Amino acid sequence: MISRMKIISVLRRESPLLIAREILWRTKREYRRLRLSGRLKGSECFSFRAVPYYQPDLRGLSGRSRALIVAFADEIRAGRYPFLGYGTAELGTSPKWNLDFTTGVEWTQARHKGHKFIRLDGSDVKVPFELSRLQFLPILGKAYLLTRDESYRRTARDLLWRWIQSNPVPLGVNWTIAMEAALRAMSMCFLLNLLAPFPPKEHRWLKLVTRSLSEHLLYIEANLEFSHLLTSNHYLSNVVGLYGLSVFLDGPGVAARRQEYRTRIHEEMMKQVYDDGADYEASTGYQVLVTQLFTTALLLMRAERATRVMPAFIERLRMMFRFLDTIASRQGELPHVGDCDDGRVELLVDDLEQMLLFPVVERNSLRISHLLGLGQRLFGEGRGEADDAAWYGLTETRRIPYPKPFLDPPKVRRVKLLPNAGIAVLEHQSAELLFFAIPNGIFGKGSHTHNDKLSFVFRVGGKEIFCDSGTGCYTRDVATRNGLRGTAAHNTVLVDGLEQNRLFPGPTGLFILGNEAAVTPIQQGTDSQGRFLRASHTGYLSLGVAHTRTIRATDCETAFGIEDELEGGGVHDFELNFQLAPNRTAEIVPTENGVRCRIPGDSQVQLMVSGPAGLQGAAEPSLVSTIYGSTVPAVRVRFWGRSPLPLCITTQISWAASADAASREGGSIKETHLRDTITVGCSGLEFH
């Protein structure tokens with residue numbers, strides 16, 4: 001039923017010419033797939049080409065980062081594999097590459113067609129996918145360069161050899177999606193780049209790996225995730241992977257491929273990224289992945305040396321980093337808006353730190369200070385930690401680290417607006433409120449959007465008080481998936497229990513969302529009450545209801561005001577939700593004028609919600625996810641009632657003026673603990 005509805009929707013929305021082009025393309029792709037076996041016979045014509053992708057200047061690498069790289073490599077060498085959302089898995093030195101080790105479900109070594117590899121039995125195919133991206137291989141290569149310990153080089157060689165022997169193309173779950181092959185191929189190329197030059201004893205191994213890389217190239221070309229109707233991070237990963245393969249390989253037709261895929265990458269930048277730097281999939285998690293994909297492409301272009309990079313490409317990538325810097329906290333942490341599956345092209349120090357130093361319940365895959373530092377070194381603006389940039393020789397720009405939590409916060413009310421993204425950041429004293437009027441992804445065609453229209457995230461001293469609920473999982477659990485992307489999981493208003501955009505029930509609806517909720521551009525201005533932000537959405541049009549939210553920096557020095565207006569007629573149920581960040585609690589107190597909510601802690605945040613008579617409030621258990629594959633218990637504060645329209649619900653969020661002092665104390669203790677952990681962990685190591 002869902003597939004039929006999607007087909008009907010496409011037929012109504014797209015022109016007959018575009019649909020004809022799409023049918024022709026799909027026919028051509030199927031022909032390429034059928035010819036793949038024959039083309040693979042010529043895969044031995046390619047040779048590895050050493051280009052200066054990495055240009056390490058290890059003087060710019062801190063002792064802390066060196067220790068993290070070596071410690072991570074030690075885990076892999078011992079057969080222990082760290083994952084962001086699942087902790088460290090004991091898989092041994094010959095892991096089962098087609099196993100979801102969290103459930104014990106294993107995929108057969110058959111050829112999987114379509115999306116039949118999704119089991120819908122509680123397992124998650126992304127677990128074997130993540131392992132088979134082989135993103136631990138470049139870390140082993142870096143550890144070898146840092147220590148000159150041959151065991152890291154040997155471990156990398158052995159693991160890659162075992163993967164190739166266990167996963168013949170195109171059999172098994174790891175040969176089902178071109179995106180996975182592209183990310184894996186890049187990991188393999190990066191390893192070879194770090195280990196080159198190769199002694200004679202490794203030439204046979206190098207020949208085997210080079211043949212596998214050529215098979216990856218031909219497989220991706222035969223299974224491109226392109227569509228005339230839309231392109232996404234999947235297709236972008238395909239073309240960046242193909243460009244990387246054509247840069248690192250020599251052989252028939254490779255030079256022409258370099259030019260073709262470079263051109264396609266430029267085209268996708270202009271298509272997928274708005275002028276303000278926002279990726280059009282409406283997701284901060286995929287913003288990180290896409291930024292890293294385009295950055296990898298730029299570094300590959302630099303490695304080619306003679307390549308001319310389009311100025312528009314450079315400018316838009318610069319804006320992507322500016323976008324991330326705009327919405328990041330002082331510690332380099334992004335809010336979880338829309339889907340996030342923690343995807344990476346390369347593991348940076350941010351990721352190693354999360355997996356080695358934090359328990360799973362404290363991890364957050366959108367702590368990206370080192371990615372921002374790479375952007376700072378490339379474009380000379382922004383802030384971040386610059387250690388990863390040293391691997392690319394990017395040491396000429398002055399390092400601008402993130403300010404610590406105890407530095408003075410901005411004292412003046414300030415608005416930073418990302419108009420295409422539909423995001424505004426209102427700064428006031430020690431607090432920041434991020435307001436989201438984000439258009440549905442890919443102009444309503446995308447699948448990574450959540451029902452978060454007019455939601456917000458609230459931080460004091462750089463720490464989230466009210467957060468987004470995150471993603472949790474994709475196919476493992478339908479109820480969790482839909483619960484975390486539903487309207488009630490976000491800090492906005494729910495009317496008559498209706499979702500802003502329709503959620504389709506059952507497994508087939510996991511990546512389908514309606515397109516009912518169109519948002520207006522965020523309006524900013526000043527009136528007699530002070531500075532404000534305002535936007536509306538049409539998600540309740542079928543009820544005859546329009547929702548408009550206005551956010552104000554009030555005259556009170558430490559407060560924001562929120563006005564939720566519901567226009568229309570008749571009597572309706574309404575529900576206003578506020579999702580607390582993990583480890584925070586709430587105390588509800590009815591008052592004569594509404595309901596007060598106190599959130600204990602250093603920042604002493606309070607809510608005062610006023611509305612029609614009979615307004616009620618309660619603190620209820622909920623779930624929050626800051627890494628894919630894991631959720632933690634949290635608290636959601638819910639206010640509800642029933643009223644004729646029009647109505648206005650007002651909320652005042654206040655916080656303590658002493659919040660900065662508390663942030664200073666907590667931040668210093670945590671940093672000291674992490675520094676001590678690293679010092680102990682790297683004692684006795686010698687770096688070269």
# chains A, B, ... in the order shown; residues from 1 in each chain; ligands from 1
$ residues_around --residues "Phe578 (chain A)" --least-positions-apart "2" --cutoff "7 Å" --atoms "only C-alpha atoms" --output "ChimeraX atom specification"
/A:466,490-491,576,580,636-638
$ write_last_selection --atoms "N, CA and C atoms" --output "PDB file, in the first residue's frame"
ATOM      1  N   PHE A 466      16.899  21.853  27.566  1.00  0.00           N
ATOM      2  CA  PHE A 466      15.861  21.236  26.736  1.00  0.00           C
ATOM      3  C   PHE A 466      16.525  20.806  25.432  1.00  0.00           C
ATOM      4  N   HIS A 490       9.253  16.318  20.501  1.00  0.00           N
ATOM      5  CA  HIS A 490       9.947  17.578  20.256  1.00  0.00           C
ATOM      6  C   HIS A 490       9.300  18.708  21.051  1.00  0.00           C
ATOM      7  N   ASN A 491      10.033  19.793  21.210  1.00  0.00           N
ATOM      8  CA  ASN A 491       9.605  20.898  22.072  1.00  0.00           C
ATOM      9  C   ASN A 491       8.691  21.842  21.301  1.00  0.00           C
ATOM     10  N   LEU A 576       1.662  20.630  24.915  1.00  0.00           N
ATOM     11  CA  LEU A 576       2.930  21.335  24.772  1.00  0.00           C
ATOM     12  C   LEU A 576       3.998  20.541  25.507  1.00  0.00           C
ATOM     13  N   LEU A 580      13.585  17.217  28.438  1.00  0.00           N
ATOM     14  CA  LEU A 580      14.769  17.522  29.221  1.00  0.00           C
ATOM     15  C   LEU A 580      15.946  16.678  28.773  1.00  0.00           C
ATOM     16  N   ARG A 636      10.302  14.089  30.211  1.00  0.00           N
ATOM     17  CA  ARG A 636       9.628  15.067  29.368  1.00  0.00           C
ATOM     18  C   ARG A 636       8.568  15.771  30.199  1.00  0.00           C
ATOM     19  N   VAL A 637       8.545  17.095  30.127  1.00  0.00           N
ATOM     20  CA  VAL A 637       7.522  17.878  30.823  1.00  0.00           C
ATOM     21  C   VAL A 637       6.402  18.160  29.830  1.00  0.00           C
ATOM     22  N   ARG A 638       5.190  17.768  30.213  1.00  0.00           N
ATOM     23  CA  ARG A 638       4.051  17.877  29.294  1.00  0.00           C
ATOM     24  C   ARG A 638       2.977  18.763  29.913  1.00  0.00           C
TER      25      ARG A 638
END
$ residues_around --residues "Leu348 (chain A)" --least-positions-apart "2" --cutoff "12 Å" --atoms "only C-alpha atoms" --output "tab-separated table (two decimals) with N, CA and C atoms, in the first residue's frame"
chain	number	residue	atom	x	y	z
A	65	SER	N	46.15	13.45	21.48
A	65	SER	CA	45.64	12.81	20.27
A	65	SER	C	46.48	11.60	19.88
A	66	ARG	N	47.79	11.69	20.03
A	66	ARG	CA	48.65	10.55	19.76
A	66	ARG	C	48.25	9.36	20.64
A	68	LEU	N	45.36	8.76	22.05
A	68	LEU	CA	44.05	8.23	21.66
A	68	LEU	C	44.17	7.33	20.43
A	69	ILE	N	44.94	7.75	19.45
A	69	ILE	CA	45.12	6.95	18.23
A	69	ILE	C	45.76	5.61	18.57
A	72	PHE	N	43.32	3.35	20.58
A	72	PHE	CA	42.29	2.77	19.72
A	72	PHE	C	42.88	1.63	18.90
A	135	GLN	N	36.67	1.46	9.05
A	135	GLN	CA	37.22	2.77	9.38
A	135	GLN	C	38.26	2.73	10.49
A	136	PHE	N	38.47	1.53	11.05
A	136	PHE	CA	39.57	1.35	11.99
A	136	PHE	C	40.91	1.18	11.27
A	138	PRO	N	42.53	3.05	8.84
A	138	PRO	CA	43.42	4.21	8.85
A	138	PRO	C	43.97	4.53	10.24
A	139	ILE	N	43.23	4.19	11.30
A	139	ILE	CA	43.75	4.43	12.65
A	139	ILE	C	44.95	3.53	12.90
A	142	LYS	N	47.80	5.11	11.10
A	142	LYS	CA	48.33	6.27	11.82
A	142	LYS	C	49.15	5.83	13.02
A	292	GLN	N	31.77	16.26	5.86
A	292	GLN	CA	32.99	15.46	5.81
A	292	GLN	C	33.22	14.88	4.41
A	343	GLY	N	27.17	8.52	10.93
A	343	GLY	CA	28.00	8.20	9.77
A	343	GLY	C	29.23	9.09	9.67
A	344	ARG	N	30.34	8.48	9.25
A	344	ARG	CA	31.61	9.18	9.09
A	344	ARG	C	32.29	8.73	7.80
A	345	VAL	N	33.19	9.56	7.29
A	345	VAL	CA	34.08	9.16	6.22
A	345	VAL	C	35.39	8.66	6.83
A	346	GLU	N	35.91	9.43	7.77
A	346	GLU	CA	37.08	9.03	8.54
A	346	GLU	C	36.76	9.27	10.02
A	350	ASP	N	37.60	13.38	17.73
A	350	ASP	CA	36.31	13.45	18.43
A	350	ASP	C	35.73	12.06	18.66
A	351	ASP	N	35.74	11.24	17.62
A	351	ASP	CA	35.13	9.91	17.68
A	351	ASP	C	35.93	8.98	18.59
A	352	LEU	N	37.26	9.03	18.48
A	352	LEU	CA	38.09	8.17	19.31
A	352	LEU	C	37.91	8.52	20.79
A	353	GLU	N	37.84	9.80	21.06
A	353	GLU	CA	37.63	10.25	22.44
A	353	GLU	C	36.33	9.71	23.01
A	354	GLN	N	35.26	9.79	22.21
A	354	GLN	CA	33.97	9.28	22.67
A	354	GLN	C	34.04	7.79	22.99
A	355	MET	N	34.65	7.03	22.09
A	355	MET	CA	34.63	5.57	22.22
A	355	MET	C	35.60	5.06	23.29
A	365	SER	N	27.42	11.64	19.57
A	365	SER	CA	28.10	11.56	18.27
A	365	SER	C	28.22	12.91	17.58
A	366	LEU	N	27.56	13.94	18.10
A	366	LEU	CA	27.64	15.26	17.49
A	366	LEU	C	28.51	16.22	18.29
A	367	ARG	N	29.49	15.67	19.01
A	367	ARG	CA	30.57	16.49	19.55
A	367	ARG	C	31.67	16.52	18.49
A	368	ILE	N	31.85	17.65	17.85
A	368	ILE	CA	32.65	17.67	16.61
A	368	ILE	C	33.72	18.76	16.62
A	369	SER	N	34.31	19.06	17.76
A	369	SER	CA	35.26	20.17	17.81
A	369	SER	C	36.45	19.96	16.88
A	370	HIS	N	36.89	18.70	16.68
A	370	HIS	CA	38.02	18.46	15.78
A	370	HIS	C	37.64	18.58	14.31
A	371	LEU	N	36.40	18.23	13.96
A	371	LEU	CA	35.95	18.48	12.59
A	371	LEU	C	35.90	19.97	12.33
A	372	LEU	N	35.40	20.74	13.30
A	372	LEU	CA	35.37	22.19	13.16
A	372	LEU	C	36.78	22.76	13.08
A	373	GLY	N	37.72	22.16	13.81
A	373	GLY	CA	39.10	22.60	13.73
A	373	GLY	C	39.70	22.37	12.37
A	374	LEU	N	39.30	21.29	11.71
A	374	LEU	CA	39.75	21.03	10.34
A	374	LEU	C	39.22	22.13	9.42
A	385	GLU	N	39.36	22.29	17.58
A	385	GLU	CA	40.64	21.67	17.89
A	385	GLU	C	41.30	21.22	16.58
A	386	ALA	N	42.59	21.54	16.41
A	386	ALA	CA	43.22	21.41	15.10
A	386	ALA	C	44.04	20.15	14.92
A	387	ASP	N	44.01	19.20	15.85
A	387	ASP	CA	44.91	18.05	15.76
A	387	ASP	C	44.74	17.25	14.48
A	388	ASP	N	43.51	16.96	14.07
A	388	ASP	CA	43.30	16.14	12.87
A	388	ASP	C	43.84	16.84	11.64
A	389	ALA	N	43.83	18.16	11.63
A	389	ALA	CA	44.33	18.90	10.47
A	389	ALA	C	45.81	18.64	10.23
A	390	ALA	N	46.55	18.26	11.27
A	390	ALA	CA	47.99	18.02	11.12
A	390	ALA	C	48.26	16.85	10.18
A	391	TRP	N	47.33	15.89	10.08
A	391	TRP	CA	47.53	14.75	9.18
A	391	TRP	C	47.52	15.18	7.72
$ residues_around --residues "Leu217 (chain A)" --least-positions-apart "3" --cutoff "7 Å" --atoms "only C-alpha atoms" --output "ChimeraX atom specification"
/A:213-214,220-221,242,245
$ closest_residue --among "A:Arg80, A:Ala222, A:Asn451, A:Gly568" --to "Gly38 (chain A)" --atoms "only C-alpha atoms"
A:Ala222
$ closest_residue --among "A:Ala182, A:Leu208, A:Ala613, A:Leu18" --to "Leu647 (chain A)" --atoms "only C-alpha atoms"
A:Ala613
$ residues_around --residues "Pro419 (chain A)" --least-positions-apart "6" --cutoff "8 Å" --atoms "only C-alpha atoms" --output "list in words"
Asp276, Pro521 and Ile522 of chain A
$ closest_residue --among "A:Val254, A:Tyr144, A:Gly462, A:Pro644" --to "Gly332 (chain A)" --atoms "only C-alpha atoms"
A:Gly462
$ residues_around --residues "region 620-628 of chain A" --least-positions-apart "2" --cutoff "8 Å" --atoms "only C-alpha atoms" --output "list in words"
Leu84, Gly85, His336, Cys340, Asp341, Asp342, Arg363, Asn364, Ser365, Leu366, Asp468, Ser469, Gly470, Thr471, Gly472, Cys473, Leu484, Ala581, Pro582, Ala618, Ser630, Thr631, Val632, Pro633, Ala634, Val635, Arg636, Val637 and Arg638 of chain A
$ write_last_selection --atoms "N, CA and C atoms" --output "CSV table (one decimal), in the first residue's frame"
chain,number,residue,atom,x,y,z
A,84,LEU,N,30.5,3.5,18.6
A,84,LEU,CA,29.9,4.7,19.3
A,84,LEU,C,28.7,4.3,20.2
A,85,GLY,N,27.7,3.6,19.5
A,85,GLY,CA,26.5,3.3,20.2
A,85,GLY,C,26.4,2.0,20.9
A,336,HIS,N,20.8,17.4,18.3
A,336,HIS,CA,20.4,16.3,17.4
A,336,HIS,C,19.0,16.6,16.8
A,340,CYS,N,20.0,10.9,12.7
A,340,CYS,CA,21.5,10.8,12.9
A,340,CYS,C,21.9,9.4,13.1
A,341,ASP,N,22.7,8.8,12.2
A,341,ASP,CA,23.2,7.4,12.3
A,341,ASP,C,24.7,7.4,12.6
A,342,ASP,N,25.2,8.5,12.9
A,342,ASP,CA,26.7,8.6,13.3
A,342,ASP,C,27.6,8.3,12.2
A,363,ARG,N,27.9,9.3,25.8
A,363,ARG,CA,28.5,9.6,24.5
A,363,ARG,C,27.5,10.5,23.7
A,364,ASN,N,28.1,11.3,22.8
A,364,ASN,CA,27.3,12.1,21.9
A,364,ASN,C,28.0,12.2,20.6
A,365,SER,N,27.4,11.6,19.6
A,365,SER,CA,28.1,11.6,18.3
A,365,SER,C,28.2,12.9,17.6
A,366,LEU,N,27.6,13.9,18.1
A,366,LEU,CA,27.6,15.3,17.5
A,366,LEU,C,28.5,16.2,18.3
A,468,ASP,N,16.7,17.9,21.8
A,468,ASP,CA,15.9,17.1,20.9
A,468,ASP,C,16.0,15.7,21.3
A,469,SER,N,15.0,14.9,21.0
A,469,SER,CA,15.0,13.5,21.5
A,469,SER,C,16.0,12.6,20.7
A,470,GLY,N,16.4,13.0,19.5
A,470,GLY,CA,17.4,12.2,18.8
A,470,GLY,C,16.7,11.1,17.9
A,471,THR,N,17.5,10.1,17.5
A,471,THR,CA,17.1,9.1,16.6
A,471,THR,C,16.9,7.7,17.1
A,472,GLY,N,17.8,7.2,18.0
A,472,GLY,CA,17.6,5.9,18.6
A,472,GLY,C,18.0,4.8,17.6
A,473,CYS,N,17.1,4.5,16.6
A,473,CYS,CA,17.4,3.4,15.7
A,473,CYS,C,16.6,3.6,14.4
A,484,LEU,N,10.5,8.5,18.4
A,484,LEU,CA,11.5,9.6,18.5
A,484,LEU,C,11.4,10.6,17.4
A,581,ALA,N,17.1,17.3,28.8
A,581,ALA,CA,18.4,16.5,28.6
A,581,ALA,C,18.5,15.4,29.6
A,582,PRO,N,19.2,14.4,29.3
A,582,PRO,CA,19.4,13.3,30.3
A,582,PRO,C,20.0,13.8,31.6
A,618,ALA,N,2.6,17.8,33.9
A,618,ALA,CA,3.2,16.6,34.6
A,618,ALA,C,4.6,16.4,34.0
A,630,SER,N,21.3,3.5,20.6
A,630,SER,CA,21.2,3.5,22.1
A,630,SER,C,20.3,4.6,22.5
A,631,THR,N,19.5,4.4,23.5
A,631,THR,CA,18.7,5.4,24.1
A,631,THR,C,18.9,5.4,25.6
A,632,VAL,N,18.7,6.5,26.3
A,632,VAL,CA,18.8,6.6,27.7
A,632,VAL,C,17.5,7.2,28.3
A,633,PRO,N,17.1,6.8,29.5
A,633,PRO,CA,15.9,7.3,30.2
A,633,PRO,C,16.1,8.8,30.4
A,634,ALA,N,15.0,9.5,30.2
A,634,ALA,CA,15.0,11.0,30.5
A,634,ALA,C,13.6,11.4,30.9
A,635,VAL,N,13.4,12.7,31.0
A,635,VAL,CA,12.1,13.2,31.5
A,635,VAL,C,11.6,14.2,30.5
A,636,ARG,N,10.3,14.1,30.2
A,636,ARG,CA,9.6,15.1,29.4
A,636,ARG,C,8.6,15.8,30.2
A,637,VAL,N,8.5,17.1,30.1
A,637,VAL,CA,7.5,17.9,30.8
A,637,VAL,C,6.4,18.2,29.8
A,638,ARG,N,5.2,17.8,30.2
A,638,ARG,CA,4.1,17.9,29.3
A,638,ARG,C,3.0,18.8,29.9
$ residues_around --residues "region 591-595 of chain A" --least-positions-apart "2" --cutoff "6 Å" --atoms "only C-alpha atoms" --output "VMD selection string"
chain A and resid 589 608 to 610
$ closest_atom_pairs --of "region 245-328 of chain A" --to "region 423-439 of chain A" --cutoff "12 Å" --atoms "only C-alpha atoms" --output "JSON lines"
{"residue": "A:Tyr274", "atom": "CA", "partner": "A:Pro439", "partner_atom": "CA", "distance": 11.9}
{"residue": "A:Asp276", "atom": "CA", "partner": "A:Ile423", "partner_atom": "CA", "distance": 10.4}
{"residue": "A:Gly277", "atom": "CA", "partner": "A:Ile423", "partner_atom": "CA", "distance": 11.6}
{"residue": "A:Ala278", "atom": "CA", "partner": "A:Ile423", "partner_atom": "CA", "distance": 9.6}
{"residue": "A:Asp279", "atom": "CA", "partner": "A:Ile438", "partner_atom": "CA", "distance": 11.2}
{"residue": "A:Tyr280", "atom": "CA", "partner": "A:Pro439", "partner_atom": "CA", "distance": 8.6}
{"residue": "A:Glu281", "atom": "CA", "partner": "A:Pro439", "partner_atom": "CA", "distance": 9.1}
{"residue": "A:Ala282", "atom": "CA", "partner": "A:Ile438", "partner_atom": "CA", "distance": 6.6}
{"residue": "A:Ser283", "atom": "CA", "partner": "A:Ile438", "partner_atom": "CA", "distance": 9.2}
{"residue": "A:Thr284", "atom": "CA", "partner": "A:Ile438", "partner_atom": "CA", "distance": 11.1}
{"residue": "A:Phe323", "atom": "CA", "partner": "A:Ile423", "partner_atom": "CA", "distance": 9.8}
{"residue": "A:Leu324", "atom": "CA", "partner": "A:Ile423", "partner_atom": "CA", "distance": 11.5}
{"residue": "A:Asp325", "atom": "CA", "partner": "A:Val425", "partner_atom": "CA", "distance": 11.4}
{"residue": "A:Thr326", "atom": "CA", "partner": "A:Val425", "partner_atom": "CA", "distance": 7.8}
{"residue": "A:Ile327", "atom": "CA", "partner": "A:Val425", "partner_atom": "CA", "distance": 7.1}
{"residue": "A:Ala328", "atom": "CA", "partner": "A:Leu434", "partner_atom": "CA", "distance": 10.0}
$ select_by_dssp --residues "region 304-518 of chain A" --states "strand (DSSP E)" --output "PyMOL selection string"
chain A and resi 414-418+423-428+431-436+455-460+463-466+493-495
$ residues_around --residues "Gly486 (chain A)" --least-positions-apart "5" --cutoff "9 Å" --atoms "only C-alpha atoms" --output "ChimeraX atom specification"
/A:450-452,481,499-501,503
$ write_last_selection --atoms "N, CA and C atoms" --output "compact mmCIF listing (two decimals), in the first residue's frame"
# COMPACT_ATOMS: atom_id res chain seq x y z
N HIS A 450 12.33 14.93 10.90
CA HIS A 450 11.46 14.62 12.04
C HIS A 450 10.35 15.66 12.13
N ASN A 451 9.36 15.37 12.92
CA ASN A 451 8.25 16.31 13.13
C ASN A 451 8.64 17.30 14.23
N ASP A 452 9.52 18.23 13.85
CA ASP A 452 10.11 19.16 14.81
C ASP A 452 9.85 20.61 14.43
N ARG A 481 11.52 3.98 16.67
CA ARG A 481 11.82 4.82 15.52
C ARG A 481 10.76 5.92 15.35
N GLU A 499 -0.07 14.22 13.99
CA GLU A 499 1.32 14.50 13.66
C GLU A 499 1.41 15.67 12.68
N GLN A 500 2.47 16.48 12.83
CA GLN A 500 2.68 17.60 11.90
C GLN A 500 2.78 17.11 10.46
N ASN A 501 3.59 16.09 10.25
CA ASN A 501 3.66 15.37 8.98
C ASN A 501 3.25 13.93 9.26
N LEU A 503 3.02 10.13 9.77
CA LEU A 503 3.88 8.97 9.94
C LEU A 503 3.12 7.75 9.45
$ atom_distance --atom1 "CA of Ser47 (chain A)" --atom2 "CA of Pro128 (chain A)"
28.7 Å
$ atom_distance --atom1 "CA of Ile76 (chain A)" --atom2 "CA of Lys201 (chain A)"
23.3 Å
$ atom_distance --atom1 "CA of Arg302 (chain A)" --atom2 "CA of Tyr392 (chain A)"
10.1 Å
$ closest_residue --among "A:Phe117, A:Phe458, A:Phe46, A:Tyr540" --to "Leu249 (chain A)" --atoms "only C-alpha atoms"
A:Phe46
$ closest_residue --among "A:Val290, A:Leu99, A:Leu160, A:Leu236" --to "Val173 (chain A)" --atoms "only C-alpha atoms"
A:Leu99
$ decode --residues "region 524-538 of chain A" --atoms "N, CA and C atoms" --output "mmCIF file, in the first residue's frame"
data_model
loop_
_atom_site.group_PDB
_atom_site.id
_atom_site.type_symbol
_atom_site.label_atom_id
_atom_site.label_comp_id
_atom_site.auth_asym_id
_atom_site.auth_seq_id
_atom_site.Cartn_x
_atom_site.Cartn_y
_atom_site.Cartn_z
ATOM 1 N N GLN A 524 12.536 37.877 11.982
ATOM 2 C CA GLN A 524 13.140 38.468 13.174
ATOM 3 C C GLN A 524 12.876 39.957 13.171
ATOM 4 N N GLY A 525 12.730 40.498 14.365
ATOM 5 C CA GLY A 525 12.442 41.923 14.456
ATOM 6 C C GLY A 525 12.462 42.397 15.889
ATOM 7 N N THR A 526 12.057 43.648 16.074
ATOM 8 C CA THR A 526 12.002 44.265 17.393
ATOM 9 C C THR A 526 10.684 45.004 17.510
ATOM 10 N N ASP A 527 10.003 44.813 18.635
ATOM 11 C CA ASP A 527 8.791 45.572 18.911
ATOM 12 C C ASP A 527 8.887 46.147 20.316
ATOM 13 N N SER A 528 7.767 46.605 20.845
ATOM 14 C CA SER A 528 7.774 47.252 22.160
ATOM 15 C C SER A 528 8.214 46.317 23.279
ATOM 16 N N GLN A 529 8.130 45.000 23.034
ATOM 17 C CA GLN A 529 8.516 44.037 24.070
ATOM 18 C C GLN A 529 9.953 43.549 23.916
ATOM 19 N N GLY A 530 10.638 43.975 22.866
ATOM 20 C CA GLY A 530 12.022 43.568 22.695
ATOM 21 C C GLY A 530 12.222 42.810 21.394
ATOM 22 N N ARG A 531 13.329 42.094 21.281
ATOM 23 C CA ARG A 531 13.682 41.350 20.073
ATOM 24 C C ARG A 531 12.905 40.043 20.015
ATOM 25 N N PHE A 532 12.488 39.642 18.794
ATOM 26 C CA PHE A 532 11.700 38.418 18.672
ATOM 27 C C PHE A 532 12.068 37.652 17.416
ATOM 28 N N LEU A 533 11.716 36.338 17.424
ATOM 29 C CA LEU A 533 11.757 35.443 16.271
ATOM 30 C C LEU A 533 10.353 34.879 16.104
ATOM 31 N N ARG A 534 9.930 34.664 14.842
ATOM 32 C CA ARG A 534 8.550 34.174 14.638
ATOM 33 C C ARG A 534 8.484 33.319 13.378
ATOM 34 N N ALA A 535 7.705 32.234 13.452
ATOM 35 C CA ALA A 535 7.466 31.378 12.283
ATOM 36 C C ALA A 535 6.173 30.605 12.490
ATOM 37 N N SER A 536 5.647 30.037 11.392
ATOM 38 C CA SER A 536 4.404 29.257 11.424
ATOM 39 C C SER A 536 4.579 27.998 10.601
ATOM 40 N N HIS A 537 3.653 27.044 10.773
ATOM 41 C CA HIS A 537 3.643 25.863 9.905
ATOM 42 C C HIS A 537 2.209 25.445 9.612
ATOM 43 N N THR A 538 2.033 24.637 8.562
ATOM 44 C CA THR A 538 0.702 24.254 8.079
ATOM 45 C C THR A 538 0.355 22.806 8.398
#
